[in-house]
Amino acid sequence: MGDATAPDSAEVLLLGGRAGVGKSTVGWEISARLRSVAVAHAIIEGDFMGQVHPAPEGDPHRSAIVERNLTAVWANFAELGYRRLIYTNTLSVMPDTAGMFQRAMGAGVRITRVLLTASDGTTADRLAARERGSQLEQELKASAHKARLLEEQVPADTVRIATDGRSVVDIARDAVAATGWIA
């Protein structure tokens, strides 16, 4: 896969944070940094892994469908030799997600959690620029709620990176440094 130092077991960078913090943008910039030094990897935008309506019967939070989709997509990547994954999703850094990634990627998966943070004002500005439909007010409320939840519950070893007033390039540099994927 163009990376002689690729690990034998899987590794995942979980990039989490409230809505409007910049997860997707930072994830793509991390991918660009890795590509620039020929580090093989895959990237999954976790928000798309469970976008079904209505929720499947017996799976009101869509966690089972997300895990099924993650398992299937990762199996395809792994079959082709990929061992590193960037996964972006608001709550992906929470302690209860480890089991899903272990089941989907293998019991020995190395998990690095990075929580992106931003102030209410910064995220409100970003969400107002992003949301063009009827969901802005709902997104603002959910973002504030999840920011509190994340602050209270992420594991102690989670790397926290503030995004207010910083460039995407700098944030991505700090996030990828947490993985050790670039020397």
# chains A, B, ... in the order shown; residues from 1 in each chain; ligands from 1
>>> residues_around(residues="Leu15 of chain A", least_positions_apart="3", cutoff="9 Å", atoms="only C-alpha atoms", output="ChimeraX atom specification")
/A:23-24,26-27,86-93,112-116,175
>>> atom_distance(atom1="atom CA of Thr179 of chain A", atom2="atom CA of Leu13 of chain A")
6.9 Å
>>> atom_distance(atom1="atom CA of Glu29 of chain A", atom2="atom CA of Glu45 of chain A")
13.1 Å
>>> residues_around(residues="Val168 of chain A", least_positions_apart="4", cutoff="9 Å", atoms="only C-alpha atoms", output="list in words")
Gly22, Thr25, Val26, Glu29, Thr163, Ala172 and Arg173 of chain A
>>> select_by_dssp(residues="segment 40-98 of chain A", states="helix (DSSP H, G or I)", output="JSON, numbers by chain")
{"A": [46, 47, 48, 49, 50, 63, 64, 65, 66, 67, 68, 69, 70, 71, 72, 73, 74, 75, 76, 77, 78, 79, 95, 96, 97, 98]}
>>> atom_distance(atom1="atom CA of Arg160 of chain A", atom2="atom CA of Ala177 of chain A")
12.2 Å
>>> closest_residue(among="A:Leu70, A:Arg33, A:Pro155, A:His41", to="Gln102 of chain A", atoms="only C-alpha atoms")
A:Leu70
>>> residues_around(residues="segment 75-82 of chain A", least_positions_apart="6", cutoff="8 Å", atoms="only C-alpha atoms", output="ChimeraX atom specification")
/A:1,40-42,104-105
>>> write_last_selection(atoms="C-alpha atoms", output="PDB file, in the first residue's frame")
ATOM      1  CA  MET A   1       0.000   0.000   0.000  1.00  0.00           C
ATOM      2  CA  ALA A  40      -1.773   4.381   3.083  1.00  0.00           C
ATOM      3  CA  HIS A  41      -5.134   4.958   4.735  1.00  0.00           C
ATOM      4  CA  ALA A  42      -8.891   5.087   4.277  1.00  0.00           C
ATOM      5  CA  ALA A 104     -15.575  -4.218  12.865  1.00  0.00           C
ATOM      6  CA  MET A 105     -11.780  -3.925  12.547  1.00  0.00           C
TER       7      MET A 105
END
>>> closest_residue(among="A:Ile30, A:Pro95, A:Gly121, A:Val37", to="Ile171 of chain A", atoms="only C-alpha atoms")
A:Ile30
>>> closest_residue(among="A:Trp181, A:Lys141, A:Ala124, A:Arg62", to="Ser31 of chain A", atoms="only C-alpha atoms")
A:Trp181
